[in-house]
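Peer 1: Next up, start11.cif (mmCIF, C-alpha atoms and all ligand atoms).
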```
data_my_file
#
loop_
_atom_site.label_atom_id
_atom_site.label_comp_id
_atom_site.auth_asym_id
_atom_site.auth_seq_id
_atom_site.Cartn_x
_atom_site.Cartn_y
_atom_site.Cartn_z
CA MET A 1 -32.06 -0.14 222.51
CA ARG A 2 -34.98 -0.12 220.09
CA ALA A 3 -36.24 -3.35 221.64
CA THR A 4 -36.01 -1.83 225.12
CA LEU A 5 -37.95 1.21 223.98
CA GLY A 6 -40.53 -1.07 222.39
CA VAL A 7 -40.97 -2.97 225.64
CA LEU A 8 -41.20 0.30 227.56
CA ALA A 9 -43.77 1.64 225.09
CA LEU A 10 -45.78 -1.58 225.47
CA CYS A 11 -45.59 -1.29 229.26
CA GLY A 12 -46.74 2.31 228.89
CA LEU A 13 -49.74 1.24 226.82
CA LEU A 14 -50.67 -1.48 229.28
CA LEU A 15 -50.25 0.95 232.16
CA ALA A 16 -52.38 3.57 230.42
CA PHE A 17 -55.07 0.93 229.82
CA THR A 18 -54.99 -0.14 233.46
CA LEU A 19 -55.17 3.48 234.62
CA ALA A 20 -57.90 4.43 232.22
CA SER A 21 -60.00 1.50 233.37
CA GLY A 22 -59.44 2.39 237.05
CA PRO A 23 -61.78 4.26 239.36
CA ILE A 24 -60.64 7.76 238.32
CA THR A 25 -62.27 9.42 235.33
CA VAL A 26 -61.92 12.90 233.88
CA GLY A 27 -63.80 15.25 231.59
CA GLU A 28 -62.47 17.51 228.85
CA THR A 29 -59.88 20.12 229.76
CA LYS A 30 -61.19 23.69 229.59
CA ILE A 31 -58.67 26.41 228.87
CA THR A 32 -59.25 30.07 229.74
CA ASN A 33 -56.87 32.30 227.88
CA ASP A 34 -55.95 35.49 229.74
CA TYR A 35 -52.62 35.83 227.96
CA PRO A 36 -50.27 37.57 228.48
CA GLU A 37 -50.89 37.22 232.25
CA THR A 38 -52.20 33.67 232.61
CA VAL A 39 -53.57 30.66 230.80
CA THR A 40 -55.83 28.65 233.12
CA PHE A 41 -56.33 24.91 232.68
CA GLU A 42 -59.39 23.37 234.29
CA ILE A 43 -60.49 19.76 234.58
CA ASP A 44 -63.39 17.87 236.16
CA ALA A 45 -62.26 14.63 237.79
CA SER A 46 -64.00 11.99 239.86
CA SER A 47 -63.04 8.81 241.64
CA ALA A 48 -65.39 5.93 242.33
CA ALA A 49 -63.04 4.68 245.04
CA ALA A 50 -62.02 7.56 247.27
CA SER A 51 -61.61 11.28 247.64
CA ILE A 52 -59.32 12.93 245.09
CA VAL A 53 -56.37 14.42 246.93
CA SER A 54 -53.95 15.53 244.21
CA VAL A 55 -54.36 17.04 240.74
CA LYS A 56 -51.26 18.14 238.88
CA ILE A 57 -50.71 19.38 235.35
CA ASN A 58 -47.49 18.60 233.51
CA LEU A 59 -46.66 21.28 230.93
CA LEU A 60 -43.93 20.70 228.39
CA THR A 61 -43.03 23.49 225.98
CA ARG A 62 -41.43 22.20 222.78
CA GLY A 63 -37.66 22.17 223.01
CA ASP A 64 -37.66 22.52 226.78
CA THR A 65 -35.68 19.89 228.63
CA SER A 66 -37.80 19.97 231.77
CA THR A 67 -41.53 19.69 232.38
CA LEU A 68 -43.32 22.28 234.45
CA ILE A 69 -45.39 20.49 237.09
CA GLY A 70 -48.22 22.71 238.30
CA THR A 71 -50.30 21.90 241.36
CA ALA A 72 -53.97 22.56 240.61
CA GLU A 73 -56.30 24.10 243.16
CA PHE A 74 -59.52 22.31 244.13
CA THR A 75 -61.66 21.25 247.08
CA PRO A 76 -60.95 17.56 247.81
CA GLY A 77 -63.84 15.16 247.24
CA LYS A 78 -64.94 12.29 245.04
CA GLN A 79 -65.88 14.82 242.34
CA VAL A 80 -63.70 17.85 241.90
CA THR A 81 -63.09 20.73 239.53
CA ALA A 82 -59.40 21.57 239.58
CA ARG A 83 -57.69 24.63 238.10
CA TYR A 84 -54.13 25.61 237.41
CA ALA A 85 -53.27 29.16 236.35
CA TRP A 86 -50.07 29.17 234.31
CA LYS A 87 -48.38 32.53 234.79
CA THR A 88 -47.29 33.00 231.21
CA ARG A 89 -45.92 36.53 231.51
CA GLN A 90 -43.84 35.58 234.52
CA ALA A 91 -42.56 32.51 232.65
CA GLN A 92 -41.93 34.67 229.52
CA VAL A 93 -43.93 32.36 227.29
CA PRO A 94 -44.11 33.79 223.76
CA PRO A 95 -47.30 33.82 221.70
CA GLY A 96 -47.27 30.82 219.40
CA ALA A 97 -45.44 28.60 221.91
CA PRO A 98 -46.37 24.95 221.32
CA VAL A 99 -47.18 23.18 224.57
CA GLN A 100 -48.07 19.61 225.43
CA TYR A 101 -49.85 18.83 228.68
CA THR A 102 -51.05 15.87 230.72
CA TRP A 103 -52.85 15.65 234.06
CA THR A 104 -51.85 13.41 236.96
CA ILE A 105 -54.70 12.72 239.35
CA ARG A 106 -54.52 10.73 242.58
CA ASP A 107 -57.11 9.66 245.09
CA GLU A 108 -56.83 8.83 248.77
CA ALA A 109 -56.87 5.07 248.06
CA GLY A 110 -53.67 5.38 246.03
CA ASN A 111 -55.22 5.18 242.55
CA GLU A 112 -53.61 7.35 239.89
CA LEU A 113 -54.62 8.47 236.42
CA VAL A 114 -52.26 10.08 233.93
CA THR A 115 -54.16 11.50 230.96
CA GLU A 116 -53.06 11.23 227.33
CA PRO A 117 -50.83 14.13 226.14
CA GLN A 118 -52.71 16.98 224.49
CA ASP A 119 -51.39 19.87 222.44
CA TYR A 120 -52.07 23.53 222.99
CA THR A 121 -50.67 26.57 221.22
CA VAL A 122 -50.38 29.74 223.27
CA THR A 123 -52.28 32.60 221.63
CA ASP A 124 -52.41 36.33 222.34
CA ALA A 125 -56.21 36.61 222.25
CA ARG A 126 -56.18 40.39 222.71
CA PHE A 127 -55.73 40.61 218.97
CA THR A 128 -57.81 39.22 216.12
CA TRP A 129 -55.36 37.09 214.23
CA GLN A 130 -55.42 36.36 210.57
CA THR A 131 -53.71 33.13 209.66
CA ARG A 132 -52.18 31.52 206.64
CA GLU A 133 -50.46 28.16 206.74
CA ASN A 134 -49.24 25.17 204.83
CA GLU A 135 -47.43 22.03 206.01
CA ASP A 136 -44.11 23.89 206.51
CA VAL A 137 -45.03 27.31 207.80
CA ALA A 138 -47.80 29.02 209.75
CA LEU A 139 -48.16 32.81 209.79
CA TRP A 140 -50.21 34.87 212.26
CA TRP A 141 -50.72 38.62 211.85
CA TYR A 142 -53.38 41.05 213.06
CA ALA A 143 -52.53 44.38 211.42
CA GLY A 144 -52.59 44.88 207.71
CA ASN A 145 -54.75 43.32 205.05
CA ALA A 146 -54.73 39.88 203.50
CA ARG A 147 -52.34 41.08 200.80
CA PHE A 148 -49.73 42.07 203.38
CA GLY A 149 -50.01 38.67 205.09
CA GLU A 150 -49.83 36.94 201.76
CA SER A 151 -46.59 38.74 200.87
CA VAL A 152 -44.93 37.63 204.13
CA PHE A 153 -46.29 34.11 203.84
CA ASP A 154 -45.17 33.89 200.23
CA ALA A 155 -41.63 35.00 201.14
CA ALA A 156 -41.49 32.42 203.95
CA ALA A 157 -42.96 29.57 201.91
CA ARG A 158 -40.71 30.22 198.91
CA ALA A 159 -37.62 30.46 201.12
CA LEU A 160 -38.48 27.22 202.89
CA ALA A 161 -39.11 25.43 199.61
CA ALA A 162 -35.65 26.56 198.43
CA MET A 163 -34.03 25.38 201.69
CA LYS A 164 -35.70 21.99 201.41
CA GLN A 165 -34.51 21.68 197.86
CA HIS A 166 -30.94 22.77 198.66
CA THR A 167 -30.57 20.52 201.65
CA GLY A 168 -32.80 17.59 200.76
CA GLN A 169 -34.18 17.86 204.29
CA SER A 170 -37.74 18.19 205.41
CA LEU A 171 -38.71 19.91 208.63
CA PRO A 172 -39.31 17.85 211.75
CA TYR A 173 -41.92 20.43 212.78
CA ARG A 174 -43.61 23.40 211.18
CA ILE A 175 -42.08 26.86 211.42
CA HIS A 176 -44.31 29.47 213.00
CA ILE A 177 -44.11 33.22 212.37
CA VAL A 178 -46.04 35.64 214.59
CA LEU A 179 -46.12 39.29 213.52
CA TYR A 180 -46.72 42.26 215.81
CA ALA A 181 -47.34 45.62 214.22
CA ASN A 182 -45.40 47.83 216.63
CA ASN A 183 -43.04 47.92 219.62
CA GLU A 184 -45.82 48.69 222.09
CA ASP A 185 -47.84 45.58 221.24
CA PHE A 186 -44.71 43.43 221.08
CA ASN A 187 -43.47 44.65 224.46
CA SER A 188 -46.93 44.26 226.03
CA TRP A 189 -46.52 40.50 226.54
CA HIS A 190 -42.96 40.72 227.78
CA ARG A 191 -41.95 40.94 231.37
CA TYR A 192 -39.49 43.67 230.50
CA ALA A 193 -39.68 46.02 227.54
CA ARG A 194 -36.63 46.37 225.31
CA GLU A 195 -36.69 49.22 222.85
CA TRP A 196 -33.86 48.02 220.64
CA VAL A 197 -35.39 44.63 219.85
CA GLY A 198 -37.12 44.15 216.51
CA GLY A 199 -38.06 40.53 217.01
CA GLU A 200 -37.14 37.28 218.69
CA ALA A 201 -36.43 33.77 217.46
CA TYR A 202 -37.16 30.71 219.58
CA SER A 203 -35.19 28.13 217.63
CA GLN A 204 -36.16 25.14 219.74
CA MET A 205 -39.85 25.93 219.29
CA GLY A 206 -39.48 26.63 215.56
CA LEU A 207 -41.00 30.02 216.33
CA THR A 208 -40.13 33.59 215.46
CA VAL A 209 -42.03 36.62 216.75
CA GLN A 210 -41.24 39.77 214.80
CA ILE A 211 -42.27 43.42 214.71
CA VAL A 212 -43.29 44.02 211.11
CA PRO A 213 -45.53 47.05 210.54
CA PRO A 214 -47.89 46.43 207.63
CA ARG A 215 -46.49 49.51 205.88
CA ASN A 216 -43.11 47.79 205.91
CA THR A 217 -41.29 47.81 202.65
CA SER A 218 -41.41 44.66 200.63
CA GLN A 219 -37.61 44.82 200.40
CA TRP A 220 -37.42 44.34 204.17
CA ILE A 221 -39.84 41.40 203.99
CA GLN A 222 -37.85 39.81 201.19
CA LYS A 223 -34.69 40.01 203.27
CA VAL A 224 -35.64 39.55 206.92
CA VAL A 225 -38.34 36.90 206.63
CA PRO A 226 -36.26 34.38 204.64
CA HIS A 227 -33.18 35.17 206.75
CA GLU A 228 -34.86 34.57 210.12
CA ILE A 229 -36.68 31.41 209.11
CA ALA A 230 -33.47 30.13 207.52
CA HIS A 231 -31.97 30.21 211.02
CA LEU A 232 -34.94 28.22 212.37
CA PHE A 233 -34.63 25.73 209.52
CA PHE A 234 -30.85 25.50 210.00
CA TYR A 235 -31.33 24.79 213.70
CA GLN A 236 -33.79 21.97 213.02
CA VAL A 237 -31.56 20.25 210.48
CA THR A 238 -28.22 20.65 212.32
CA SER A 239 -28.84 20.75 216.06
CA ASN A 240 -27.37 18.00 218.15
CA PRO A 241 -27.51 18.26 221.94
CA LEU A 242 -24.06 16.73 222.28
CA SER A 243 -22.15 19.12 220.06
CA LEU A 244 -21.33 22.82 219.91
CA GLY A 245 -22.97 22.97 216.50
CA PRO A 246 -21.96 24.61 213.25
CA PRO A 247 -19.87 27.79 213.15
CA THR A 248 -21.48 31.19 212.76
CA TRP A 249 -20.18 31.73 209.21
CA LEU A 250 -22.07 28.64 208.03
CA ASN A 251 -25.30 29.60 209.81
CA GLU A 252 -25.19 33.24 208.73
CA GLY A 253 -24.03 32.33 205.23
CA PHE A 254 -26.89 29.84 204.89
CA ALA A 255 -29.41 32.48 206.05
CA GLN A 256 -28.12 35.16 203.67
CA TYR A 257 -27.92 32.68 200.80
CA HIS A 258 -31.71 32.26 201.08
CA GLU A 259 -32.60 35.96 201.11
CA PHE A 260 -34.41 37.21 198.02
CA SER A 261 -31.98 39.98 197.24
CA SER A 262 -28.96 40.10 195.01
CA PRO A 263 -25.77 38.95 196.74
CA ALA A 264 -23.60 40.78 194.18
CA ALA A 265 -22.57 43.69 196.42
CA GLU A 266 -21.56 41.44 199.33
CA LEU A 267 -19.69 38.96 197.14
CA SER A 268 -17.72 41.69 195.40
CA LEU A 269 -16.90 43.28 198.77
CA VAL A 270 -15.25 40.00 199.79
CA ARG A 271 -13.30 39.74 196.54
CA ARG A 272 -12.07 43.31 196.92
CA SER A 273 -11.07 42.62 200.52
CA ALA A 274 -9.16 39.53 199.42
CA GLN A 275 -7.31 41.54 196.79
CA SER A 276 -6.50 44.41 199.15
CA GLY A 277 -5.30 42.13 201.93
CA ASP A 278 -8.20 43.03 204.24
CA LEU A 279 -9.89 39.63 204.26
CA ILE A 280 -10.65 38.44 207.79
CA PRO A 281 -9.76 34.75 208.26
CA LEU A 282 -12.95 32.69 208.27
CA ARG A 283 -11.90 31.02 211.49
CA LEU A 284 -12.65 34.35 213.21
CA ALA A 285 -16.29 34.02 212.14
CA THR A 286 -16.90 30.93 214.24
CA GLY A 287 -18.23 32.68 217.34
CA ASN A 288 -19.97 35.99 217.68
CA LEU A 289 -19.49 38.49 214.85
CA THR A 290 -18.25 41.62 216.57
CA GLY A 291 -16.39 44.84 215.91
CA SER A 292 -17.10 47.99 213.94
CA ASP A 293 -20.06 48.10 211.54
CA GLU A 294 -17.57 47.78 208.71
CA ARG A 295 -15.92 44.69 210.18
CA ILE A 296 -19.26 43.03 211.00
CA ARG A 297 -20.49 43.70 207.49
CA LEU A 298 -17.38 42.08 206.06
CA LEU A 299 -17.74 39.04 208.35
CA TYR A 300 -21.36 38.63 207.20
CA ALA A 301 -20.34 39.03 203.57
CA GLU A 302 -17.54 36.48 204.01
CA SER A 303 -20.02 34.05 205.53
CA LEU A 304 -22.23 34.41 202.48
CA SER A 305 -19.22 34.11 200.18
CA ALA A 306 -17.99 30.91 201.84
CA VAL A 307 -21.42 29.27 201.61
CA THR A 308 -21.78 30.40 197.99
CA PHE A 309 -18.36 28.86 197.28
CA LEU A 310 -19.35 25.65 199.06
CA ILE A 311 -22.54 25.27 197.00
CA GLU A 312 -20.85 26.30 193.76
CA ARG A 313 -18.04 23.76 194.22
CA TRP A 314 -19.86 20.83 195.89
CA GLY A 315 -23.47 21.54 194.94
CA ASP A 316 -26.63 21.05 196.96
CA ALA A 317 -25.47 17.51 197.72
CA GLY A 318 -22.35 18.85 199.44
CA LEU A 319 -24.37 21.29 201.52
CA ALA A 320 -26.85 18.55 202.44
CA GLN A 321 -24.03 16.24 203.47
CA LEU A 322 -22.39 18.95 205.55
CA LEU A 323 -25.57 19.77 207.48
CA ALA A 324 -26.30 16.08 208.00
CA ALA A 325 -22.80 15.61 209.44
CA TYR A 326 -23.42 18.37 211.99
CA LYS A 327 -26.76 16.79 212.84
CA ALA A 328 -24.86 13.57 213.50
CA GLY A 329 -22.68 15.48 215.98
CA ARG A 330 -19.48 15.91 213.93
CA ASN A 331 -17.18 18.85 214.55
CA THR A 332 -16.36 21.25 211.73
CA ASP A 333 -13.21 19.45 210.53
CA ALA A 334 -14.96 16.09 210.37
CA ALA A 335 -18.17 17.50 208.87
CA LEU A 336 -16.30 19.39 206.13
CA MET A 337 -14.14 16.34 205.45
CA GLU A 338 -17.24 14.21 204.90
CA ALA A 339 -18.88 16.76 202.61
CA THR A 340 -15.91 18.19 200.70
CA GLY A 341 -12.90 15.99 201.37
CA LEU A 342 -11.17 18.99 202.99
CA ASN A 343 -10.64 19.90 206.63
CA PHE A 344 -11.42 23.45 207.76
CA GLU A 345 -7.94 24.84 207.05
CA GLU A 346 -7.95 23.30 203.58
CA PHE A 347 -11.48 24.54 202.95
CA GLN A 348 -10.39 28.10 203.82
CA GLU A 349 -7.43 27.79 201.44
CA ALA A 350 -9.70 26.56 198.64
CA TRP A 351 -12.12 29.43 199.25
CA TRP A 352 -9.20 31.88 199.25
CA GLU A 353 -8.01 30.62 195.88
CA TRP A 354 -11.61 30.79 194.55
CA LEU A 355 -11.53 34.48 195.56
CA GLY A 356 -8.39 34.94 193.48
CA GLY A 357 -5.84 34.68 196.28
CA ALA A 358 -2.40 33.21 195.64
CA SER A 359 -1.87 29.62 196.74
CA GLY A 360 -0.44 29.32 200.26
CA MET A 361 -1.06 32.99 201.05
CA TYR A 362 -4.28 32.68 203.04
CA PRO A 363 -4.21 35.31 205.81
CA THR A 364 -3.45 34.09 209.31
CA PRO A 365 -5.04 35.78 212.31
CA PRO A 366 -2.96 37.39 215.06
CA ALA A 367 -1.87 34.88 217.70
CA SER A 368 -4.21 36.38 220.30
CA ALA A 369 -7.28 36.06 218.13
CA GLY A 370 -8.47 32.51 218.77
CA VAL A 371 -12.19 32.93 219.01
CA ALA A 372 -14.33 35.95 218.26
CA THR A 373 -15.17 37.85 221.44
CA PRO A 374 -18.76 37.55 222.59
CA ARG A 375 -20.72 40.77 222.89
CA PRO A 376 -21.06 42.35 226.32
CA PRO A 377 -23.94 40.76 228.28
CA ALA A 378 -25.75 44.11 228.39
CA LEU A 379 -26.52 43.78 224.71
CA ARG A 380 -28.01 40.32 225.01
CA PRO A 381 -31.69 39.65 225.67
CA THR A 382 -32.82 39.17 229.25
CA VAL A 383 -32.67 35.58 230.45
CA PRO A 384 -35.62 33.71 228.96
CA PRO A 385 -37.03 30.29 229.93
CA LEU A 386 -35.80 28.91 226.61
CA PRO A 387 -33.04 29.92 224.24
CA VAL A 388 -34.18 32.92 222.31
CA THR A 389 -32.44 35.23 219.90
CA ALA A 390 -33.37 38.81 219.31
CA THR A 391 -33.34 40.82 216.12
CA PRO A 392 -32.33 44.47 216.45
CA ALA A 393 -35.07 46.86 215.38
CA ARG A 394 -33.36 48.50 212.44
CA PRO A 395 -30.44 47.95 210.11
CA PRO A 396 -27.27 49.63 211.38
CA ARG A 397 -26.65 53.02 209.86
CA GLY A 398 -23.87 53.55 207.44
CA THR A 399 -24.29 50.21 205.69
CA SER A 400 -25.46 49.71 202.17
CA GLY A 401 -27.56 47.19 200.32
CA GLY A 402 -30.17 46.90 203.09
CA TRP A 403 -27.73 44.84 205.17
CA PHE A 404 -28.87 44.08 208.66
CA LEU A 405 -27.50 42.46 211.76
CA CYS A 406 -29.44 39.37 212.63
CA GLY A 407 -30.38 38.38 216.14
CA LEU A 408 -28.47 35.15 216.01
CA CYS A 409 -25.21 37.05 216.08
CA ILE A 410 -26.25 38.68 219.28
CA CYS A 411 -27.37 35.68 221.21
CA CYS A 412 -26.83 32.20 219.80
CA ALA A 413 -23.47 32.91 218.28
CA GLY A 414 -22.57 34.79 221.41
CA MET A 415 -23.44 31.73 223.42
CA ALA A 416 -21.40 29.57 221.07
CA GLY A 417 -18.47 31.92 221.60
CA MET A 418 -19.02 31.86 225.33
CA SER A 419 -19.24 28.05 225.25
CA ALA A 420 -15.93 27.90 223.42
CA VAL A 421 -14.34 30.24 225.95
CA LEU A 422 -15.76 28.21 228.82
CA LEU A 423 -14.54 25.00 227.21
CA VAL A 424 -11.03 26.45 227.00
CA LEU A 425 -11.19 27.53 230.65
CA VAL A 426 -12.39 24.10 231.74
CA VAL A 427 -9.69 22.34 229.75
CA ARG A 428 -7.05 24.65 231.24
CA ALA A 429 -8.36 24.08 234.73
CA LEU A 430 -8.27 20.31 234.21
CA LYS A 431 -4.71 20.49 232.91
CA ARG A 432 -3.54 22.21 236.09
ZN ZN B 1 -28.61 35.94 210.89
#
```
What would you get if you wrote out this structure as structure tokens?

Peer 2:
Amino acid sequence: MRATLGVLALCGLLLAFTLASGPITVGETKITNDYPETVTFEIDASSAAASIVSVKINLLTRGDTSTLIGTAEFTPGKQVTARYAWKTRQAQVPPGAPVQYTWTIRDEAGNELVTEPQDYTVTDARFTWQTRENEDVALWWYAGNARFGESVFDAAARALAAMKQHTGQSLPYRIHIVLYANNEDFNSWHRYAREWVGGEAYSQMGLTVQIVPPRNTSQWIQKVVPHEIAHLFFYQVTSNPLSLGPPTWLNEGFAQYHEFSSPAAELSLVRRSAQSGDLIPLRLATGNLTGSDERIRLLYAESLSAVTFLIERWGDAGLAQLLAAYKAGRNTDAALMEATGLNFEEFQEAWWEWLGGASGMYPTPPASAGVATPRPPALRPTVPPLPVTATPARPPRGTSGGWFLCGLCICCAGMAGMSAVLLVLVVRALKR
């Protein structure tokens, strides 16, 4: 396979050389940024052989499985200036989206030139952005002083350093955080405004866009920033296109484990629930976390507890092995077996005993409760061009310890739940 790819790459190089030395030549691409409405790409091209008859731009947003092919407008001739206006609002392209583009230019004689790929990051130029970045994380913000930006950046950088240390993984690509100061500015680049949203995560792009007013409390920054980027990190180190991916409890537990706040209240809630017989079986935290505020809080706390148990018993090495197994496409039983020597049922039993439960007495869910029910579609974000998760604007009332419901529960986990339901339906249909 590698040899085939090598040959293909070599062919590609030779082809590029042939094309570059052909009759068609191009100048530099000029980009006019009228975000959020459009981003216009412009190129000068000429052919020594014949009139240019086709200029197309190929736009690939990171994580997208298909390339957008845009037909540029120009007046045919041997020398042309061609433009393509990318309708970014219509396509719901978020600020910070990393894009790669190439041009394909043809003349009437059948010559063709495909330019080398170039990178472009979509920017909301209506605001004057301050930036802070290192090799793992880039932060953009426009409201608030340098100190505010530094506090967010510091929380993100420290959280990422901890994640790298715990998992032994480095990031395939840098995580990008874009901060808007209020709902109005955040909604201004969307096609549809949504009042309840406090931010969005674009896992495949490694991007999160959040509403964080500069007056925001540092407690919120210490909780939300590490939590959201933990989900982006988790996605990068576990995603495999051929598998359903890790369960929600592992993802949410991993994210909470990396928050900079004391986990004591949540961990003791789980122990109390285990003692009082109210513990919810962990297998019910594999899809979307739903129910009353109280139940959701317990499911979150259990997720944190299970991950804390995992790391306490098997160390960072166990966690690293578990995530690597998911990345390799293993299901939960196989991944846990590789990392801990236990399958999921046995892992739950071990966790139960760690909580003080009696051996063999782990609670079993009611027969009807196979997978957690996904949330109603009305509560999910509108359909975006790429998978996106949304963070509700504020923590739910009636909860303590600054607990908040993260966007992943609403969307990604919901989709995982839906996928599981669909899978069951497909299997049933096939059995008939
Ligand atoms: Zn979360």

Peer 1: With 4 Å added on each side, what axis-aligned box encloses every listed atom of segment 40-50 of chain A? Give the centre and edge lengths in Å to one decimal, as JSON.

Peer 2:
```
{"center_x": -60.6, "center_y": 16.7, "center_z": 240.0, "size_x": 17.6, "size_y": 32.0, "size_z": 22.6}
```

Peer 1: So which residues touch Thr308 of chain A within 12 Å, counting only C-alpha atoms, skipping near sequence neighbours fewer than 3 positions away, as a PyMOL selection string?

Peer 2: chain A and resi 166+249-250+252-258+263-264+266-267+270+301-305+311-316+318-319+351+354-355

Peer 1: What does the distance between atom CA of Arg83 of chain A and atom CA of Val178 of chain A come to in Å, to one decimal place?

Peer 2: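 Between these atoms lies a distance of 28.5 Å.
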
Peer 1: Residues near Thr32 of chain A, anyone? I mean within 9 Å using only C-alpha atoms, not counting same-chain ones fewer than 2 positions away, as an MDAnalysis selection string.

Peer 2: chainID A and resid 30 34:35 38:42 85

Peer 1: Can you write out the residues you just picked, keeping C-alpha atoms, as a CSV table (one decimal), in the frame of the given file?

Peer 2:
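What follows is the written file selection-v2.csv:
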```
chain,number,residue,atom,x,y,z
A,30,LYS,CA,-61.2,23.7,229.6
A,34,ASP,CA,-56.0,35.5,229.7
A,35,TYR,CA,-52.6,35.8,228.0
A,38,THR,CA,-52.2,33.7,232.6
A,39,VAL,CA,-53.6,30.7,230.8
A,40,THR,CA,-55.8,28.6,233.1
A,41,PHE,CA,-56.3,24.9,232.7
A,42,GLU,CA,-59.4,23.4,234.3
A,85,ALA,CA,-53.3,29.2,236.4
```

Peer 1: Identify which of the residues A:Asn240, A:Gln169, A:Ser262, A:Ser151 lies closest to Asp136 of chain A, counting only C-alpha atoms when measuring atom-to-atom distances.

Peer 2: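 Going through A:Asn240, A:Gln169, A:Ser262, A:Ser151 one by one, the smallest distance to Asp136 of chain A is for A:Gln169.
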
Peer 1: With distances taken over all atoms listed in the file, which residue among A:Glu259, A:Gly356, A:Ser239, A:Arg215 lies nearest Arg271 of chain A?

Peer 2: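 Under the stated criterion, the closest residue is A:Gly356.
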
Peer 1: I need the residue nearest Asn182 of chain A from this list: A:Met205, A:Val212, A:Leu342, A:Ala156. Use all atoms listed in the file for the distance.

Peer 2: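 That would be A:Val212, the residue with the smallest distance to Asn182 of chain A.
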
Peer 1: Might you pull out every residue within 8 Å of Thr88 of chain A, with all atoms listed in the file counted and same-chain residues fewer than 2 positions away left off, and present them as an MDAnalysis selection string?

Peer 2: chainID A and resid 35:39 86 90:93

Peer 1: Rounded to one decimal, what separation in Å do you get between atom CA of Phe260 of chain A and atom CA of Ala155 of chain A?

Peer 2: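 The value is 8.2 Å.
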
Peer 1: Counting only C-alpha atoms and all ligand atoms, which of A:Leu179, A:Leu207, A:Val114, A:Leu289 gets nearest to ligand ZN 1 (chain B)?

Peer 2: A:Leu289

Peer 1: Using all atoms listed in the file, can you tell me which of A:Val225, A:Ile69, A:Ala334, A:Leu139 comes closest to ligand ZN 1 (chain B)?

Peer 2: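 Smallest separation from ligand ZN 1 (chain B) among the options: A:Val225.
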
Peer 1: Hey, what's within 9 Å of Tyr326 of chain A if we count all atoms listed in the file and toss same-chain stuff fewer than 2 positions away? As a ChimeraX atom specification, please?

Peer 2: /A:237-240,243,245-246,321-324,328-332,334-335

Peer 1: To one decimal in Å, tell me the separation between atom CA of Ser261 of chain A and atom CA of Ala320 of chain A.

Peer 2: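 Distance between the two atoms: 22.6 Å.
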
Peer 1: Could you pull the residues within 10 Å of Leu60 of chain A, counting all atoms listed in the file, minus those fewer than 5 positions along the same chain, as a ChimeraX atom specification?

Peer 2: /A:65-69,98-102,117,119

Peer 1: Using all atoms listed in the file, can you tell me which of A:Tyr120, A:Gln236, A:Trp129, A:Lys223 comes closest to Pro172 of chain A?

Peer 2: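 Answer, going by the shortest atom-to-atom distance: A:Gln236.
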